[in-house]
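Structure file my_file_10.pdb (PDB, C-alpha atoms) follows.
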```pdb
ATOM      1  CA  MET B   9       4.345  59.872  58.454
ATOM      2  CA  ASP B  10       7.550  58.301  57.089
ATOM      3  CA  LEU B  11       5.513  55.858  54.993
ATOM      4  CA  MET B  12       3.380  58.692  53.621
ATOM      5  CA  GLU B  13       6.432  60.759  52.695
ATOM      6  CA  ASN B  14       8.039  57.784  50.943
ATOM      7  CA  MET B  15       4.864  57.222  48.920
ATOM      8  CA  LYS B  16       4.645  60.907  48.026
ATOM      9  CA  ARG B  17       8.295  60.985  46.958
ATOM     10  CA  GLN B  18       7.806  57.945  44.748
ATOM     11  CA  ALA B  19       4.718  59.489  43.113
ATOM     12  CA  LEU B  20       6.583  62.720  42.376
ATOM     13  CA  GLU B  21       9.489  60.788  40.856
ATOM     14  CA  PHE B  22       7.019  59.271  38.376
ATOM     15  CA  GLY B  23       5.793  62.713  37.320
ATOM     16  CA  THR B  24       2.687  63.077  39.479
ATOM     17  CA  GLN B  25       1.435  66.629  39.938
ATOM     18  CA  ILE B  26       0.230  67.266  43.489
ATOM     19  CA  ASP B  27      -1.964  70.310  44.096
ATOM     20  CA  ASP B  28      -2.198  70.733  47.853
ATOM     21  CA  LEU B  29      -4.777  72.579  49.944
ATOM     22  CA  LYS B  30      -7.554  72.512  47.371
ATOM     23  CA  VAL B  31     -11.235  72.477  48.320
ATOM     24  CA  ILE B  32     -13.621  71.015  45.741
ATOM     25  CA  THR B  33     -16.465  73.424  45.053
ATOM     26  CA  ASP B  34     -18.107  71.528  42.187
ATOM     27  CA  ILE B  35     -17.761  68.157  40.504
ATOM     28  CA  LYS B  36     -19.380  66.553  37.437
ATOM     29  CA  LEU B  37     -18.570  62.908  36.807
ATOM     30  CA  GLU B  38     -20.888  61.942  33.963
ATOM     31  CA  GLY B  39     -19.735  62.146  30.340
ATOM     32  CA  GLU B  40     -16.433  61.518  28.574
ATOM     33  CA  TYR B  41     -14.551  64.225  30.476
ATOM     34  CA  LYS B  42     -14.844  64.524  34.223
ATOM     35  CA  TYR B  43     -14.900  68.016  35.694
ATOM     36  CA  VAL B  44     -13.604  69.152  39.083
ATOM     37  CA  GLU B  45     -13.687  72.763  40.225
ATOM     38  CA  THR B  46     -11.752  74.224  43.165
ATOM     39  CA  ASP B  47     -11.496  77.765  44.493
ATOM     40  CA  ASP B  48      -8.919  78.753  41.866
ATOM     41  CA  THR B  49      -8.656  75.934  39.307
ATOM     42  CA  GLU B  50     -10.790  73.904  36.900
ATOM     43  CA  TYR B  51      -9.694  70.341  36.133
ATOM     44  CA  TYR B  52     -10.772  68.081  33.262
ATOM     45  CA  ALA B  53      -9.867  64.384  33.171
ATOM     46  CA  LYS B  54     -10.670  61.248  31.209
ATOM     47  CA  ALA B  55     -10.818  59.274  34.459
ATOM     48  CA  ILE B  56     -10.939  59.976  38.178
ATOM     49  CA  ILE B  57      -9.964  57.954  41.242
ATOM     50  CA  ILE B  58     -11.782  59.047  44.405
ATOM     51  CA  ALA B  59      -9.528  58.283  47.378
ATOM     52  CA  THR B  60     -10.623  60.779  50.026
ATOM     53  CA  GLY B  61     -10.661  58.203  52.837
ATOM     54  CA  ALA B  62     -12.726  58.124  55.996
ATOM     55  CA  THR B  63     -12.462  59.730  59.401
ATOM     56  CA  PRO B  64     -13.317  58.304  62.837
ATOM     57  CA  ARG B  65     -16.890  59.031  63.915
ATOM     58  CA  LYS B  66     -16.728  61.570  66.722
ATOM     59  CA  LEU B  67     -18.135  60.740  70.127
ATOM     60  CA  PRO B  68     -21.528  62.491  70.527
ATOM     61  CA  ALA B  69     -20.840  63.674  74.074
ATOM     62  CA  GLU B  70     -20.653  67.107  75.647
ATOM     63  CA  GLY B  71     -17.018  68.207  75.870
ATOM     64  CA  GLU B  72     -15.722  65.899  73.106
ATOM     65  CA  GLN B  73     -14.413  68.689  70.901
ATOM     66  CA  GLU B  74     -12.997  70.627  73.850
ATOM     67  CA  TYR B  75     -10.948  67.673  75.080
ATOM     68  CA  ARG B  76     -10.017  66.129  71.739
ATOM     69  CA  GLY B  77      -6.265  65.564  71.907
ATOM     70  CA  ARG B  78      -6.331  66.407  75.627
ATOM     71  CA  GLY B  79      -7.485  63.048  76.882
ATOM     72  CA  VAL B  80      -9.910  62.112  74.097
ATOM     73  CA  HIS B  81      -8.269  60.124  71.303
ATOM     74  CA  TYR B  82      -9.195  58.149  68.213
ATOM     75  CA  CYS B  83      -5.975  56.185  67.648
ATOM     76  CA  ALA B  84      -4.464  53.911  70.288
ATOM     77  CA  THR B  85      -1.479  53.122  68.071
ATOM     78  CA  CYS B  86      -0.742  56.845  67.784
ATOM     79  CA  ASP B  87      -1.378  57.947  71.366
ATOM     80  CA  GLY B  88      -1.460  54.862  73.581
ATOM     81  CA  ALA B  89       2.160  55.167  74.724
ATOM     82  CA  MET B  90       1.231  58.415  76.504
ATOM     83  CA  TYR B  91      -0.770  56.392  79.038
ATOM     84  CA  GLN B  92       1.876  54.307  80.757
ATOM     85  CA  ASP B  93       0.419  52.808  83.983
ATOM     86  CA  ALA B  94      -2.799  54.815  83.583
ATOM     87  CA  ASN B  95      -6.468  53.877  83.843
ATOM     88  CA  VAL B  96      -7.964  54.392  80.406
ATOM     89  CA  PHE B  97     -11.368  53.802  78.840
ATOM     90  CA  VAL B  98     -12.347  52.609  75.361
ATOM     91  CA  VAL B  99     -15.757  53.438  73.872
ATOM     92  CA  GLY B 100     -17.204  50.942  71.399
ATOM     93  CA  GLY B 101     -17.946  47.274  70.923
ATOM     94  CA  GLY B 102     -16.773  46.442  67.405
ATOM     95  CA  GLU B 103     -13.582  44.864  66.137
ATOM     96  CA  SER B 104     -11.500  48.040  66.374
ATOM     97  CA  ALA B 105     -12.648  48.884  69.905
ATOM     98  CA  VAL B 106     -11.907  45.405  71.257
ATOM     99  CA  GLU B 107      -8.578  45.042  69.458
ATOM    100  CA  GLU B 108      -7.395  48.482  70.537
ATOM    101  CA  ALA B 109      -8.404  47.799  74.136
ATOM    102  CA  VAL B 110      -6.106  44.774  74.098
ATOM    103  CA  PHE B 111      -3.363  46.861  72.481
ATOM    104  CA  LEU B 112      -3.653  49.528  75.176
ATOM    105  CA  THR B 113      -2.882  46.987  77.914
ATOM    106  CA  ARG B 114       0.725  47.150  76.688
ATOM    107  CA  TYR B 115       0.888  50.561  78.329
ATOM    108  CA  ALA B 116      -2.094  51.168  80.594
ATOM    109  CA  LYS B 117      -2.515  49.717  84.050
ATOM    110  CA  HIS B 118      -6.159  48.961  83.355
ATOM    111  CA  VAL B 119      -8.520  49.354  80.386
ATOM    112  CA  THR B 120     -12.303  49.629  80.705
ATOM    113  CA  ILE B 121     -14.515  49.178  77.651
ATOM    114  CA  ILE B 122     -17.827  51.067  77.563
ATOM    115  CA  ASN B 123     -20.297  49.363  75.216
ATOM    116  CA  ARG B 124     -23.813  50.581  74.435
ATOM    117  CA  SER B 125     -25.241  47.029  74.224
ATOM    118  CA  ASN B 126     -24.908  43.879  76.312
ATOM    119  CA  GLN B 127     -22.601  42.141  73.854
ATOM    120  CA  PHE B 128     -19.731  42.920  71.501
ATOM    121  CA  SER B 129     -20.110  42.938  67.722
ATOM    122  CA  ALA B 130     -16.442  42.019  67.299
ATOM    123  CA  SER B 131     -15.304  38.587  66.120
ATOM    124  CA  LYS B 132     -15.285  35.763  68.668
ATOM    125  CA  GLY B 133     -11.490  35.608  68.637
ATOM    126  CA  ALA B 134     -11.155  39.308  69.448
ATOM    127  CA  GLN B 135     -13.832  39.071  72.155
ATOM    128  CA  ASP B 136     -12.190  36.084  73.818
ATOM    129  CA  GLU B 137      -8.815  37.812  73.881
ATOM    130  CA  ALA B 138     -10.290  40.893  75.551
ATOM    131  CA  LEU B 139     -12.580  39.123  78.022
ATOM    132  CA  LYS B 140      -9.808  36.789  79.199
ATOM    133  CA  ASN B 141      -7.396  39.664  79.786
ATOM    134  CA  PRO B 142      -7.236  40.434  83.541
ATOM    135  CA  ASN B 143      -6.427  44.081  82.801
ATOM    136  CA  ILE B 144      -9.638  44.663  80.847
ATOM    137  CA  SER B 145     -13.142  45.152  82.275
ATOM    138  CA  VAL B 146     -16.418  46.042  80.546
ATOM    139  CA  ILE B 147     -19.299  48.391  81.338
ATOM    140  CA  TRP B 148     -22.310  47.142  79.368
ATOM    141  CA  ASP B 149     -25.432  48.949  78.108
ATOM    142  CA  SER B 150     -23.898  52.375  78.633
ATOM    143  CA  VAL B 151     -22.894  55.503  76.737
ATOM    144  CA  VAL B 152     -20.723  58.519  77.517
ATOM    145  CA  ARG B 153     -22.836  61.656  77.936
ATOM    146  CA  LYS B 154     -20.315  64.209  79.179
ATOM    147  CA  ILE B 155     -16.551  64.692  79.388
ATOM    148  CA  LYS B 156     -15.135  66.803  82.203
ATOM    149  CA  GLY B 157     -11.782  68.217  83.225
ATOM    150  CA  GLU B 158      -9.671  71.351  83.324
ATOM    151  CA  ASN B 159      -6.672  71.359  81.008
ATOM    152  CA  PHE B 160      -7.044  67.610  80.550
ATOM    153  CA  VAL B 161      -9.810  65.034  80.876
ATOM    154  CA  SER B 162     -10.359  63.963  84.488
ATOM    155  CA  SER B 163     -13.777  62.296  84.459
ATOM    156  CA  ILE B 164     -16.733  61.242  82.334
ATOM    157  CA  GLU B 165     -20.455  60.921  82.939
ATOM    158  CA  ILE B 166     -21.975  57.703  81.638
ATOM    159  CA  GLU B 167     -25.604  56.688  81.379
ATOM    160  CA  ASN B 168     -26.918  53.144  81.630
ATOM    161  CA  LEU B 169     -29.392  52.847  78.758
ATOM    162  CA  LYS B 170     -31.526  50.280  80.603
ATOM    163  CA  THR B 171     -31.725  51.763  84.083
ATOM    164  CA  LYS B 172     -31.167  55.420  83.017
ATOM    165  CA  GLU B 173     -28.730  55.744  85.929
ATOM    166  CA  VAL B 174     -26.063  58.416  85.373
ATOM    167  CA  LYS B 175     -22.759  58.239  87.202
ATOM    168  CA  GLU B 176     -19.424  60.017  87.061
ATOM    169  CA  ILE B 177     -16.186  58.034  86.684
ATOM    170  CA  GLU B 178     -12.591  59.226  86.955
ATOM    171  CA  VAL B 179     -10.572  58.645  83.782
ATOM    172  CA  GLU B 180      -7.057  59.422  82.614
ATOM    173  CA  GLY B 181      -7.648  58.810  78.922
ATOM    174  CA  LEU B 182     -10.562  58.027  76.602
ATOM    175  CA  PHE B 183     -10.196  56.213  73.262
ATOM    176  CA  VAL B 184     -13.189  56.203  70.908
ATOM    177  CA  TYR B 185     -14.033  53.522  68.312
ATOM    178  CA  ILE B 186     -17.640  53.909  67.211
ATOM    179  CA  GLY B 187     -17.146  53.564  63.482
ATOM    180  CA  THR B 188     -15.945  55.768  60.645
ATOM    181  CA  GLU B 189     -17.494  58.323  58.316
ATOM    182  CA  PRO B 190     -16.427  58.581  54.667
ATOM    183  CA  LYS B 191     -15.204  61.906  53.336
ATOM    184  CA  THR B 192     -17.836  62.100  50.614
ATOM    185  CA  GLU B 193     -19.765  65.216  51.588
ATOM    186  CA  PHE B 194     -18.670  66.902  48.350
ATOM    187  CA  LEU B 195     -20.322  64.097  46.345
ATOM    188  CA  LYS B 196     -23.788  64.219  47.887
ATOM    189  CA  GLY B 197     -26.422  64.945  45.287
ATOM    190  CA  LYS B 198     -23.874  64.498  42.499
ATOM    191  CA  PHE B 199     -22.915  60.828  42.824
ATOM    192  CA  GLU B 200     -24.651  57.720  44.143
ATOM    193  CA  LEU B 201     -23.457  56.671  47.609
ATOM    194  CA  ASN B 202     -24.624  53.834  49.846
ATOM    195  CA  GLU B 203     -26.755  54.443  52.934
ATOM    196  CA  SER B 204     -23.648  55.122  55.035
ATOM    197  CA  GLY B 205     -22.107  57.499  52.519
ATOM    198  CA  TYR B 206     -19.493  55.072  51.149
ATOM    199  CA  ILE B 207     -18.840  54.404  47.453
ATOM    200  CA  ASN B 208     -19.769  51.029  45.989
ATOM    201  CA  THR B 209     -17.233  49.504  43.586
ATOM    202  CA  ASP B 210     -16.512  46.148  42.009
ATOM    203  CA  GLU B 211     -13.244  44.247  42.564
ATOM    204  CA  ASP B 212     -11.590  46.385  39.857
ATOM    205  CA  MET B 213     -12.434  49.569  41.835
ATOM    206  CA  LYS B 214     -14.937  50.608  39.154
ATOM    207  CA  THR B 215     -18.045  52.547  40.184
ATOM    208  CA  TYR B 216     -21.348  52.661  38.323
ATOM    209  CA  VAL B 217     -20.066  55.631  36.261
ATOM    210  CA  PRO B 218     -17.597  54.747  33.471
ATOM    211  CA  GLY B 219     -14.228  56.346  34.124
ATOM    212  CA  VAL B 220     -14.877  56.894  37.835
ATOM    213  CA  PHE B 221     -12.981  54.656  40.253
ATOM    214  CA  ALA B 222     -12.643  54.627  44.036
ATOM    215  CA  ALA B 223      -9.884  53.313  46.302
ATOM    216  CA  GLY B 224      -9.144  53.049  49.987
ATOM    217  CA  ASP B 225     -11.279  53.735  53.037
ATOM    218  CA  VAL B 226     -13.872  55.712  51.072
ATOM    219  CA  ARG B 227     -15.014  52.421  49.497
ATOM    220  CA  ASN B 228     -17.780  50.237  50.888
ATOM    221  CA  LYS B 229     -15.732  47.335  52.312
ATOM    222  CA  SER B 230     -15.183  45.407  55.523
ATOM    223  CA  ILE B 231     -11.462  45.960  56.220
ATOM    224  CA  ARG B 232      -9.971  49.444  56.336
ATOM    225  CA  GLN B 233      -6.197  49.284  56.759
ATOM    226  CA  ILE B 234      -3.194  50.908  55.087
ATOM    227  CA  ALA B 235      -2.426  47.579  53.411
ATOM    228  CA  THR B 236      -5.887  47.239  51.865
ATOM    229  CA  ALA B 237      -5.949  50.885  50.761
ATOM    230  CA  THR B 238      -2.582  50.439  49.056
ATOM    231  CA  GLY B 239      -3.888  47.357  47.258
ATOM    232  CA  ASP B 240      -6.967  49.286  46.132
ATOM    233  CA  GLY B 241      -4.739  52.031  44.783
ATOM    234  CA  VAL B 242      -2.642  49.606  42.750
ATOM    235  CA  ILE B 243      -5.760  48.052  41.195
ATOM    236  CA  ALA B 244      -7.373  51.431  40.507
ATOM    237  CA  GLY B 245      -4.216  52.769  38.851
ATOM    238  CA  VAL B 246      -3.907  49.786  36.525
ATOM    239  CA  MET B 247      -7.616  49.842  35.664
ATOM    240  CA  VAL B 248      -7.579  53.586  34.928
ATOM    241  CA  GLU B 249      -4.697  53.057  32.515
ATOM    242  CA  LYS B 250      -6.624  50.251  30.783
ATOM    243  CA  TYR B 251      -9.761  52.381  30.657
ATOM    244  CA  ILE B 252      -7.996  55.343  29.038
ATOM    245  CA  ASN B 253      -6.074  53.169  26.562
ATOM    246  CA  GLY B 254      -9.324  51.451  25.642
ATOM    247  CA  LYS B 255     -11.004  54.799  24.982
ATOM    248  CA  GLU B 256      -8.129  55.909  22.780
TER
END
```
In structure tokens, what does this structure look like?
Amino acid sequence: MDLMENMKRQALEFGTQIDDLKVITDIKLEGEYKYVETDDTEYYAKAIIIATGATPRKLPAEGEQEYRGRGVHYCATCDGAMYQDANVFVVGGGESAVEEAVFLTRYAKHVTIINRSNQFSASKGAQDEALKNPNISVIWDSVVRKIKGENFVSSIEIENLKTKEVKEIEVEGLFVYIGTEPKTEFLKGKFELNESGYINTDEDMKTYVPGVFAAGDVRNKSIRQIATATGDGVIAGVMVEKYINGKE
């Protein structure tokens, strides 16, 4: 939050206008002037940077929404310290899931990874670090079907995808890493997205439409971190300036 506020303050000092709490109701990106409509304002621009980011893919299990923030989490860095000496579970088998499982061992007594296949898709280095950690165990070929509890999560039901066996396990915390979803719903039917809904750009953050750029986690790329998003933003800003000056 401190980093975000510092960035916002810097932008305002350079004359940026920030219109908060706006929902885009229409957008037209072809042509010399780009058009964006919200509930109460119409915007016209020579260039646009789309930087709406991505959000963690929600766990498709009964009770997920009910217990989100009450035992179900999507950020170990944010919430892991709450689980000192606890038994926690991580859902997923990719880089983020394996890395965050290792991170959680700083706080938790034991971490169990639930993976839907019989192997991780994370890098070999990340896998080795997790599998060699005595405080990490793995449940293979399984998915979470149901989350239970009262005020807080107390157990989960998991299903083995091979044997179809369903069993209930006590948990104190559940961290989910099953991918991300780009915030591009407002662009569907109006702008070309890849099969996963992300925006394709070149190394200059340019899209296939002249004057339309994209930066950050909304882009189709392999690493999504604050550092890479910041770099994208720097490139996009410089390229937008060049684009506009070239038009003029």
task: Starting from the shown file, work through the PyMOL selection byres ((chain B and resi 109) around 9) and note down what comes out as a PyMOL selection string.
output: chain B and resi 84+97-98+104-108+110-113+119-121+138+144+183
Requested write-out: C-alpha atoms of the selected residues, as a CSV table (one decimal), in the coordinates of the input:
```
chain,number,residue,atom,x,y,z
B,84,ALA,CA,-4.5,53.9,70.3
B,97,PHE,CA,-11.4,53.8,78.8
B,98,VAL,CA,-12.3,52.6,75.4
B,104,SER,CA,-11.5,48.0,66.4
B,105,ALA,CA,-12.6,48.9,69.9
B,106,VAL,CA,-11.9,45.4,71.3
B,107,GLU,CA,-8.6,45.0,69.5
B,108,GLU,CA,-7.4,48.5,70.5
B,110,VAL,CA,-6.1,44.8,74.1
B,111,PHE,CA,-3.4,46.9,72.5
B,112,LEU,CA,-3.7,49.5,75.2
B,113,THR,CA,-2.9,47.0,77.9
B,119,VAL,CA,-8.5,49.4,80.4
B,120,THR,CA,-12.3,49.6,80.7
B,121,ILE,CA,-14.5,49.2,77.7
B,138,ALA,CA,-10.3,40.9,75.6
B,144,ILE,CA,-9.6,44.7,80.8
B,183,PHE,CA,-10.2,56.2,73.3
```
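For the atom pair formed by CA of Glu173 in chain B and CA of Pro142 in chain B, the distance is 26.5 Å, given to one decimal.
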- request: For Ala55 in chain B, please output as a list in words all residues within 7 Å (counting only C-alpha atoms; exclusion window: fewer than 5 positions along the same chain).
  value: Lys42, Gly219, Val220 and Val248 of chain B
Restricted to C-alpha atoms, what would the selected residues look like written as a PDB file, in the coordinates of the input?
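Output file part.pdb is given in full below:
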```
ATOM      1  CA  LYS B  42     -14.844  64.524  34.223  1.00  0.00           C
ATOM      2  CA  GLY B 219     -14.228  56.346  34.124  1.00  0.00           C
ATOM      3  CA  VAL B 220     -14.877  56.894  37.835  1.00  0.00           C
ATOM      4  CA  VAL B 248      -7.579  53.586  34.928  1.00  0.00           C
TER       5      VAL B 248
END
```
Thr209 in chain B surroundings by all atoms listed in the file, 12 Å radius, close-in-sequence under 5 positions cut, as a list in words: Ile57, Ile58, Glu200, Leu201, Asn202, Lys214, Thr215, Tyr216, Val217, Pro218, Val220, Phe221, Ala222, Ala223, Gly224, Asp225, Val226, Arg227, Asn228, Lys229, Asp240, Ile243 and Ala244 of chain B
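Put simply, CA of Gln25 in chain B is 15.7 Å away from CA of Ala59 in chain B.
Proximity of B:Ile32, B:Ala62, B:Cys86, B:Val99 to Met9 in chain B, computed with all atoms listed in the file, is greatest for B:Cys86.
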- request: Could you give me, as an NGL selection string, the residues that have an atom at most 10 Å away from the point (-9.4, 65.4, 84.4) in the coordinates of the file, using only C-alpha atoms?
  value: :B and (75 or 78-79 or 155-164 or 178-181)
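Residues matched by the PyMOL selection byres ((chain B and resi 43) around 12) in this structure: B:Ile32, B:Thr33, B:Asp34, B:Ile35, B:Lys36, B:Leu37, B:Glu38, B:Gly39, B:Glu40, B:Tyr41, B:Lys42, B:Val44, B:Glu45, B:Thr46, B:Thr49, B:Glu50, B:Tyr51, B:Tyr52, B:Ala53, B:Lys54, B:Ala55, B:Ile56, B:Lys198, B:Gly219, B:Val220.
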